[in-house]
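A.B. asks: Next up is a structure, given as structure tokens.
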Amino acid sequence: MTGSIAPDTILSVQDLRTWFVTKRFAAKAVDGVTFDLKRGQTLAVVGESGSGKSVTSLSIMGLLSRPGIIAGGKILFRDRAGGVHDLAAFTPRQFRRMRGKEIAMIFQEPMTSLNPLYTVGDQIGEMIALHEPVNRQEARQRALAMLKHVEIPDAASRLDDYPHQMSGGMRQRVMIAMALACNPSLLIADEPTTALDVTIQAQILDLLRRLQAGFGMSILFITHNLGVVAEIAHDVVVMYGGRVVEQAPVNDLFARQRHPYTRGLLACTPDAARDIDANGERQALHSIPGTVPPITALPPGCAFGPRCSMALQACSAAIPELVPTGTASFSRCIRSAEL
Ligand SMILES: Nc1ncnc2c1ncn2[C@@H]1O[C@H](COP(=O)(O)OP(=O)(O)OP(=O)(O)O)[C@@H](O)[C@H]1O
């Protein structure tokens, strides 16, 4: 029995637990995470470094490194033909057949996906040939079409470039072209714009939005930046200490944050309109006190408690439940009604 998934949903992560277990420690990097990604939409997973975002995406892609294991939960994925698979139970062989074709991933650093020794045309073509019966000429034509889709100027003359001959923004476009070459229904994007300067970042987000409208893929977007979330997401999951602390449609989340951590993250996001007053004076920068605790030493009760200005004694007594705060919103805070 694979489990159930709503008809408009392409990915349903259900009570996922991904742990790193050795003789010395058990790091519960992801501990009971649940969310749904709807077809053709973008779900952003946001949180500070160490909150468990990347481990969540690596679990979905079957790319966990040792000693990481999926200790519990389901990752239900609906393929193009409508079949539902539990990726949490997939073998490496099953993942190899699915990756690139049905699910693709882009990373912060394009050179983790691109081989410096091959031209970009060869690399995109090879990705297509791996999953589809195309000859060399067809693969090259498809690679060219993909370079055009990702809006690389003068694409025909860039087909035989090596990655090092391109700028960072162009390499990011090539990585997106490679990821989308076989028309996957799910794209996992792990901080794909973090290393880029803000104008290029905006261009890449804009490109992803247009590609989503054209190709119809769903996007799981991992980021620490709420500014990026506002640009691209339909729904948002906020993670802290390996757990979901808040979950909401993007407009609801920005209108009202129902967890003090989300509120703190938003206050830390630079905003010129807010941070410089009418007299041109800079307001003090906000920051959340302290740092994310190591996953092996989470405080008792609410993991955010020691950093939270609203914490009560009860917050350290038990881990708060994720409770509904709206029709599609949830918060793991006992004071969410006051926020
Ligand atoms: N191979 C590993 N062995 C042990 N612990 C690990 C391993 N990989 C990740 N972790 C732990 O899992 C936790 C979550 O890491 P993860 O990379 O998912 O965080 P993140 O939110 O994506 O942060 P970043 O933005 O820095 O990537 C961290 O506390 C990290 O120490």
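By convention here, the chains of the structure tokens are called A, B, ... in the order presented, each chain's residues are numbered starting at 1, and ligands are numbered starting at 1 in the order presented.
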Which polymer residues have any atom within 8 Å of an atom of Gly50 in chain A, counting only C-alpha atoms, with same-chain residues fewer than 4 positions away left out, as a PDB file with C-alpha atoms, in the first residue's frame?

C.D. replies:
```
ATOM      1  CA  GLY A 241      15.410  22.365  14.193  1.00  0.00           C
ATOM      2  CA  VAL A 292      20.033  27.487  15.541  1.00  0.00           C
ATOM      3  CA  PRO A 294      22.844  21.727  16.917  1.00  0.00           C
ATOM      4  CA  ILE A 295      20.343  19.075  15.922  1.00  0.00           C
TER       5      ILE A 295
END
```

A.B. asks: Could you make a table, as CSV, of the residues of range 195-254 of chain A that have an atom within 12 Å of an atom of range 44-48 of chain A, each with its nearest atom pair and distance in Å to one decimal, counting only C-alpha atoms, in chain and number order?

C.D. replies:
```
residue,atom,partner,partner_atom,distance
A:Ser218,CA,A:Ala44,CA,11.1
A:Ile219,CA,A:Ala44,CA,8.2
A:Leu220,CA,A:Ala44,CA,5.9
A:Phe221,CA,A:Ala44,CA,4.5
A:Ile222,CA,A:Val45,CA,4.9
A:Thr223,CA,A:Val46,CA,5.1
A:His224,CA,A:Gly47,CA,5.1
A:Asn225,CA,A:Val46,CA,7.0
A:Leu226,CA,A:Val46,CA,7.2
A:Gly227,CA,A:Val46,CA,10.6
A:Val228,CA,A:Ala44,CA,9.0
A:Val229,CA,A:Ala44,CA,6.2
A:Ala230,CA,A:Ala44,CA,9.4
A:Glu231,CA,A:Ala44,CA,10.4
A:Ile232,CA,A:Ala44,CA,8.0
A:Ala233,CA,A:Ala44,CA,5.6
A:His234,CA,A:Ala44,CA,7.7
A:Asp235,CA,A:Ala44,CA,6.3
A:Val236,CA,A:Ala44,CA,4.8
A:Val237,CA,A:Val45,CA,4.8
A:Val238,CA,A:Val46,CA,4.9
A:Met239,CA,A:Gly47,CA,5.1
A:Tyr240,CA,A:Gly47,CA,6.2
A:Gly241,CA,A:Gly47,CA,9.1
A:Gly242,CA,A:Gly47,CA,9.8
A:Arg243,CA,A:Gly47,CA,10.2
A:Val244,CA,A:Val45,CA,9.2
A:Val245,CA,A:Gly47,CA,9.7
A:Glu246,CA,A:Val46,CA,9.9
A:Gln247,CA,A:Val45,CA,9.3
A:Ala248,CA,A:Ala44,CA,10.3
A:Pro249,CA,A:Ala44,CA,10.0
A:Val250,CA,A:Ala44,CA,8.9
A:Leu253,CA,A:Ala44,CA,11.7
```

A.B. asks: Take the residues that were just selected and, keeping N, CA and C atoms, output them as an mmCIF file, in the first residue's frame.

C.D. replies:
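Listing of part13.cif after writing:
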```
data_model
loop_
_atom_site.group_PDB
_atom_site.id
_atom_site.type_symbol
_atom_site.label_atom_id
_atom_site.label_comp_id
_atom_site.auth_asym_id
_atom_site.auth_seq_id
_atom_site.Cartn_x
_atom_site.Cartn_y
_atom_site.Cartn_z
ATOM 1 N N SER A 218 6.076 21.477 -11.223
ATOM 2 C CA SER A 218 5.956 21.951 -9.847
ATOM 3 C C SER A 218 7.370 22.196 -9.330
ATOM 4 N N ILE A 219 7.517 23.181 -8.441
ATOM 5 C CA ILE A 219 8.858 23.494 -7.939
ATOM 6 C C ILE A 219 8.870 23.436 -6.409
ATOM 7 N N LEU A 220 9.839 22.694 -5.878
ATOM 8 C CA LEU A 220 10.116 22.744 -4.442
ATOM 9 C C LEU A 220 11.343 23.622 -4.296
ATOM 10 N N PHE A 221 11.163 24.786 -3.694
ATOM 11 C CA PHE A 221 12.213 25.801 -3.691
ATOM 12 C C PHE A 221 12.779 25.945 -2.283
ATOM 13 N N ILE A 222 14.043 25.587 -2.117
ATOM 14 C CA ILE A 222 14.690 25.648 -0.796
ATOM 15 C C ILE A 222 15.443 26.970 -0.692
ATOM 16 N N THR A 223 15.192 27.729 0.356
ATOM 17 C CA THR A 223 15.894 29.010 0.495
ATOM 18 C C THR A 223 15.915 29.461 1.947
ATOM 19 N N HIS A 224 16.874 30.336 2.275
ATOM 20 C CA HIS A 224 16.859 30.941 3.614
ATOM 21 C C HIS A 224 16.294 32.361 3.523
ATOM 22 N N ASN A 225 15.912 32.781 2.303
ATOM 23 C CA ASN A 225 15.623 34.178 2.031
ATOM 24 C C ASN A 225 14.113 34.408 1.801
ATOM 25 N N LEU A 226 13.472 35.071 2.754
ATOM 26 C CA LEU A 226 12.023 35.302 2.611
ATOM 27 C C LEU A 226 11.708 36.260 1.468
ATOM 28 N N GLY A 227 12.684 37.107 1.085
ATOM 29 C CA GLY A 227 12.490 37.994 -0.059
ATOM 30 C C GLY A 227 12.279 37.174 -1.326
ATOM 31 N N VAL A 228 13.065 36.108 -1.478
ATOM 32 C CA VAL A 228 12.941 35.206 -2.633
ATOM 33 C C VAL A 228 11.610 34.454 -2.575
ATOM 34 N N VAL A 229 11.218 34.072 -1.367
ATOM 35 C CA VAL A 229 9.940 33.360 -1.179
ATOM 36 C C VAL A 229 8.788 34.207 -1.718
ATOM 37 N N ALA A 230 8.817 35.512 -1.374
ATOM 38 C CA ALA A 230 7.747 36.414 -1.802
ATOM 39 C C ALA A 230 7.666 36.484 -3.318
ATOM 40 N N GLU A 231 8.832 36.344 -3.987
ATOM 41 C CA GLU A 231 8.884 36.446 -5.446
ATOM 42 C C GLU A 231 8.314 35.225 -6.157
ATOM 43 N N ILE A 232 8.525 34.046 -5.552
ATOM 44 C CA ILE A 232 8.316 32.832 -6.361
ATOM 45 C C ILE A 232 7.295 31.836 -5.807
ATOM 46 N N ALA A 233 7.017 31.867 -4.487
ATOM 47 C CA ALA A 233 6.246 30.761 -3.905
ATOM 48 C C ALA A 233 4.734 30.971 -3.946
ATOM 49 N N HIS A 234 4.015 29.864 -4.013
ATOM 50 C CA HIS A 234 2.567 29.880 -3.782
ATOM 51 C C HIS A 234 2.290 29.530 -2.317
ATOM 52 N N ASP A 235 3.015 28.535 -1.828
ATOM 53 C CA ASP A 235 2.870 28.103 -0.436
ATOM 54 C C ASP A 235 4.237 28.084 0.233
ATOM 55 N N VAL A 236 4.242 28.197 1.548
ATOM 56 C CA VAL A 236 5.509 28.274 2.282
ATOM 57 C C VAL A 236 5.493 27.324 3.478
ATOM 58 N N VAL A 237 6.634 26.653 3.668
ATOM 59 C CA VAL A 237 6.853 25.836 4.852
ATOM 60 C C VAL A 237 8.067 26.433 5.562
ATOM 61 N N VAL A 238 7.911 26.776 6.835
ATOM 62 C CA VAL A 238 9.041 27.326 7.597
ATOM 63 C C VAL A 238 9.568 26.225 8.510
ATOM 64 N N MET A 239 10.874 25.930 8.421
ATOM 65 C CA MET A 239 11.458 24.859 9.233
ATOM 66 C C MET A 239 12.400 25.419 10.288
ATOM 67 N N TYR A 240 12.435 24.735 11.420
ATOM 68 C CA TYR A 240 13.373 25.088 12.481
ATOM 69 C C TYR A 240 13.720 23.810 13.246
ATOM 70 N N GLY A 241 14.985 23.537 13.423
ATOM 71 C CA GLY A 241 15.410 22.365 14.193
ATOM 72 C C GLY A 241 14.830 21.065 13.676
ATOM 73 N N GLY A 242 14.720 20.939 12.345
ATOM 74 C CA GLY A 242 14.264 19.678 11.750
ATOM 75 C C GLY A 242 12.755 19.493 11.729
ATOM 76 N N ARG A 243 12.020 20.528 12.186
ATOM 77 C CA ARG A 243 10.555 20.405 12.192
ATOM 78 C C ARG A 243 9.918 21.581 11.461
ATOM 79 N N VAL A 244 8.674 21.360 10.998
ATOM 80 C CA VAL A 244 7.907 22.469 10.420
ATOM 81 C C VAL A 244 7.368 23.292 11.588
ATOM 82 N N VAL A 245 7.624 24.621 11.578
ATOM 83 C CA VAL A 245 7.065 25.453 12.650
ATOM 84 C C VAL A 245 5.897 26.301 12.156
ATOM 85 N N GLU A 246 5.871 26.578 10.853
ATOM 86 C CA GLU A 246 4.728 27.309 10.304
ATOM 87 C C GLU A 246 4.552 26.929 8.844
ATOM 88 N N GLN A 247 3.335 26.966 8.391
ATOM 89 C CA GLN A 247 2.988 26.548 7.035
ATOM 90 C C GLN A 247 1.795 27.369 6.593
ATOM 91 N N ALA A 248 1.865 28.008 5.400
ATOM 92 C CA ALA A 248 0.736 28.860 4.971
ATOM 93 C C ALA A 248 0.869 29.215 3.500
ATOM 94 N N PRO A 249 -0.241 29.566 2.833
ATOM 95 C CA PRO A 249 -0.157 30.160 1.501
ATOM 96 C C PRO A 249 0.639 31.464 1.618
ATOM 97 N N VAL A 250 1.380 31.813 0.546
ATOM 98 C CA VAL A 250 2.358 32.898 0.664
ATOM 99 C C VAL A 250 1.727 34.217 1.100
ATOM 100 N N LEU A 253 0.968 34.216 4.785
ATOM 101 C CA LEU A 253 2.178 34.244 5.612
ATOM 102 C C LEU A 253 2.757 35.656 5.716
#
```

A.B. asks: Mind checking which residues fall within 12 Å of Val134 in chain A, counting only C-alpha atoms, ignoring those fewer than 6 positions away in the same chain, and posting them as a PyMOL selection string?

C.D. replies: chain A and resi 125-128+140-143+182

A.B. asks: Hey, which of A:Ser167, A:Gln212, A:Thr91, A:Ser51 ends up closest to His149 in chain A? Count only C-alpha atoms.

C.D. replies: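 Under the stated criterion, the closest residue is A:Gln212.
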
A.B. asks: How would you write, as a ChimeraX atom specification, the set of residues in range 210-251 of chain A that DSSP gives as alpha helix (DSSP H)?

C.D. replies: /A:210-215,226-232,250-251

A.B. asks: Tell me which of A:Leu117, A:Leu130, A:Ala213, A:Val55 sits closest to ligand 1, counting only C-alpha atoms and all ligand atoms.

C.D. replies: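 Answer, going by the shortest atom-to-atom distance: A:Val55.
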
A.B. asks: For atom 10 (N, counted along the ligand's line) of ligand 1 and CA of Arg258 in chain A, quote the distance in Å rounded to one decimal.

C.D. replies: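 Between these atoms lies a distance of 27.5 Å.
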
A.B. asks: Excluding Gln172 in chain A and its own-chain neighbours fewer than 2 positions away, which residues fall within 9 Å of it when counting only C-alpha atoms? Please give them as a PyMOL selection string.

C.D. replies: chain A and resi 106-111+167-170+174-177+192-193+204

A.B. asks: Env of Thr34 in chain A: 6 Å cut, atoms = only C-alpha atoms, seq-sep filter 4 positions within chain, self excluded. Answer as number ranges by chain.

C.D. replies: A: 13-15

A.B. asks: May I have the residues from that selection written out with N, CA and C atoms, as a JSON list (two decimals), in the first residue's frame?

C.D. replies:
```json
[["chain", "number", "residue", "atom", "x", "y", "z"],
["A", 13, "VAL", "N", 4.80, 14.83, 1.24],
["A", 13, "VAL", "CA", 5.77, 14.37, 2.24],
["A", 13, "VAL", "C", 5.00, 14.18, 3.54],
["A", 14, "GLN", "N", 5.03, 12.96, 4.07],
["A", 14, "GLN", "CA", 4.17, 12.65, 5.21],
["A", 14, "GLN", "C", 4.98, 12.12, 6.38],
["A", 15, "ASP", "N", 5.10, 12.94, 7.43],
["A", 15, "ASP", "CA", 5.78, 12.55, 8.67],
["A", 15, "ASP", "C", 7.20, 12.02, 8.41]]
```

A.B. asks: Can you work out which one of A:Leu58, A:Ala255, A:Cys315, A:Ala104 has the shortest atom-to-atom distance to ligand 1, counting only C-alpha atoms and all ligand atoms?

C.D. replies: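 Among A:Leu58, A:Ala255, A:Cys315, A:Ala104, it is A:Leu58 that comes nearest to ligand 1.
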
A.B. asks: Which polymer residues have any atom within 7 Å of an atom of Arg39 in chain A, counting only C-alpha atoms, with same-chain residues fewer than 4 positions away left out, as a list in words?

C.D. replies: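 Within the cut-off, the hits are Asp8, Thr9, Ile10 and Ser218 of chain A.
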
A.B. asks: So that I can see what lies close to Ser54 in chain A, please list as a list of chain:residue names the residues with an atom at most 10 Å from it, counting only C-alpha atoms and leaving out residues fewer than 6 positions away in the same chain.

C.D. replies: A:Ala29, A:Val30, A:Val45, A:Ile60, A:Leu64, A:Ala189, A:Asp190, A:Glu191, A:Ile222, A:Thr223

A.B. asks: Just write the chosen residues, N, CA and C atoms, as a PDB file, in the first residue's frame.

C.D. replies:
```pdb
ATOM      1  N   ALA A  29      17.856  15.135  11.809  1.00  0.00           N
ATOM      2  CA  ALA A  29      17.920  16.333  10.966  1.00  0.00           C
ATOM      3  C   ALA A  29      16.541  16.730  10.447  1.00  0.00           C
ATOM      4  N   VAL A  30      15.709  15.734  10.156  1.00  0.00           N
ATOM      5  CA  VAL A  30      14.319  15.980   9.743  1.00  0.00           C
ATOM      6  C   VAL A  30      13.476  15.071  10.634  1.00  0.00           C
ATOM      7  N   VAL A  45      10.513  26.051   0.935  1.00  0.00           N
ATOM      8  CA  VAL A  45      10.891  25.596   2.268  1.00  0.00           C
ATOM      9  C   VAL A  45      11.955  26.563   2.755  1.00  0.00           C
ATOM     10  N   ILE A  60      14.177  13.435  -0.726  1.00  0.00           N
ATOM     11  CA  ILE A  60      13.219  13.275  -1.838  1.00  0.00           C
ATOM     12  C   ILE A  60      13.944  12.780  -3.088  1.00  0.00           C
ATOM     13  N   LEU A  64      20.785  11.059  -0.182  1.00  0.00           N
ATOM     14  CA  LEU A  64      21.326  11.175   1.180  1.00  0.00           C
ATOM     15  C   LEU A  64      22.684  10.511   1.253  1.00  0.00           C
ATOM     16  N   ALA A 189      14.726  22.964  -6.353  1.00  0.00           N
ATOM     17  CA  ALA A 189      15.713  24.028  -6.511  1.00  0.00           C
ATOM     18  C   ALA A 189      16.264  24.370  -5.128  1.00  0.00           C
ATOM     19  N   ASP A 190      17.528  24.021  -4.872  1.00  0.00           N
ATOM     20  CA  ASP A 190      18.125  24.239  -3.551  1.00  0.00           C
ATOM     21  C   ASP A 190      19.005  25.485  -3.596  1.00  0.00           C
ATOM     22  N   GLU A 191      18.504  26.595  -3.108  1.00  0.00           N
ATOM     23  CA  GLU A 191      19.209  27.888  -3.075  1.00  0.00           C
ATOM     24  C   GLU A 191      19.811  28.244  -4.437  1.00  0.00           C
ATOM     25  N   ILE A 222      14.043  25.587  -2.117  1.00  0.00           N
ATOM     26  CA  ILE A 222      14.690  25.648  -0.796  1.00  0.00           C
ATOM     27  C   ILE A 222      15.443  26.970  -0.692  1.00  0.00           C
ATOM     28  N   THR A 223      15.192  27.729   0.356  1.00  0.00           N
ATOM     29  CA  THR A 223      15.894  29.010   0.495  1.00  0.00           C
ATOM     30  C   THR A 223      15.915  29.461   1.947  1.00  0.00           C
TER      31      THR A 223
END
```

A.B. asks: DSSP says strand (DSSP E or B) for which residues of range 109-189 of chain A? Put them as a list in words?

C.D. replies: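 Restricting range 109-189 of chain A to strand (DSSP E or B) produces Leu186, Leu187, Ile188 and Ala189 of chain A.
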
A.B. asks: For the residues in the current selection, export N, CA and C atoms as an mmCIF file, in the first residue's frame.

C.D. replies:
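Resulting contents of result-v2.cif:
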```cif
data_model
loop_
_atom_site.group_PDB
_atom_site.id
_atom_site.type_symbol
_atom_site.label_atom_id
_atom_site.label_comp_id
_atom_site.auth_asym_id
_atom_site.auth_seq_id
_atom_site.Cartn_x
_atom_site.Cartn_y
_atom_site.Cartn_z
ATOM 1 N N LEU A 186 8.609 17.529 -11.573
ATOM 2 C CA LEU A 186 9.008 18.162 -10.308
ATOM 3 C C LEU A 186 10.444 18.666 -10.414
ATOM 4 N N LEU A 187 10.622 19.935 -10.082
ATOM 5 C CA LEU A 187 11.972 20.512 -10.041
ATOM 6 C C LEU A 187 12.271 20.893 -8.599
ATOM 7 N N ILE A 188 13.375 20.372 -8.076
ATOM 8 C CA ILE A 188 13.794 20.762 -6.725
ATOM 9 C C ILE A 188 14.926 21.763 -6.877
ATOM 10 N N ALA A 189 14.726 22.964 -6.353
ATOM 11 C CA ALA A 189 15.713 24.028 -6.511
ATOM 12 C C ALA A 189 16.264 24.370 -5.128
#
```

A.B. asks: To one decimal place, how far is CA of Lys74 in chain A from CA of Thr327 in chain A in Å?

C.D. replies: 23.7 Å

A.B. asks: Find the distance between CA of Leu147 in chain A and CA of Leu159 in chain A and write it in Å to one decimal.

C.D. replies: 7.8 Å

A.B. asks: Smallest atom-to-atom distance to ligand 1: which of A:Val21, A:Met61, A:Ile124, A:Ala156, using only C-alpha atoms and all ligand atoms?

C.D. replies: A:Val21

A.B. asks: Closest to Ser329 in chain A among A:Arg173, A:Phe35, A:Asp206, A:Leu76, using only C-alpha atoms?

C.D. replies: A:Phe35

A.B. asks: Restricting the calculation to only C-alpha atoms: of A:Gln283, A:Gln203, A:Thr325, A:Ser336, which residue gets closest to Arg263 in chain A?

C.D. replies: A:Ser336
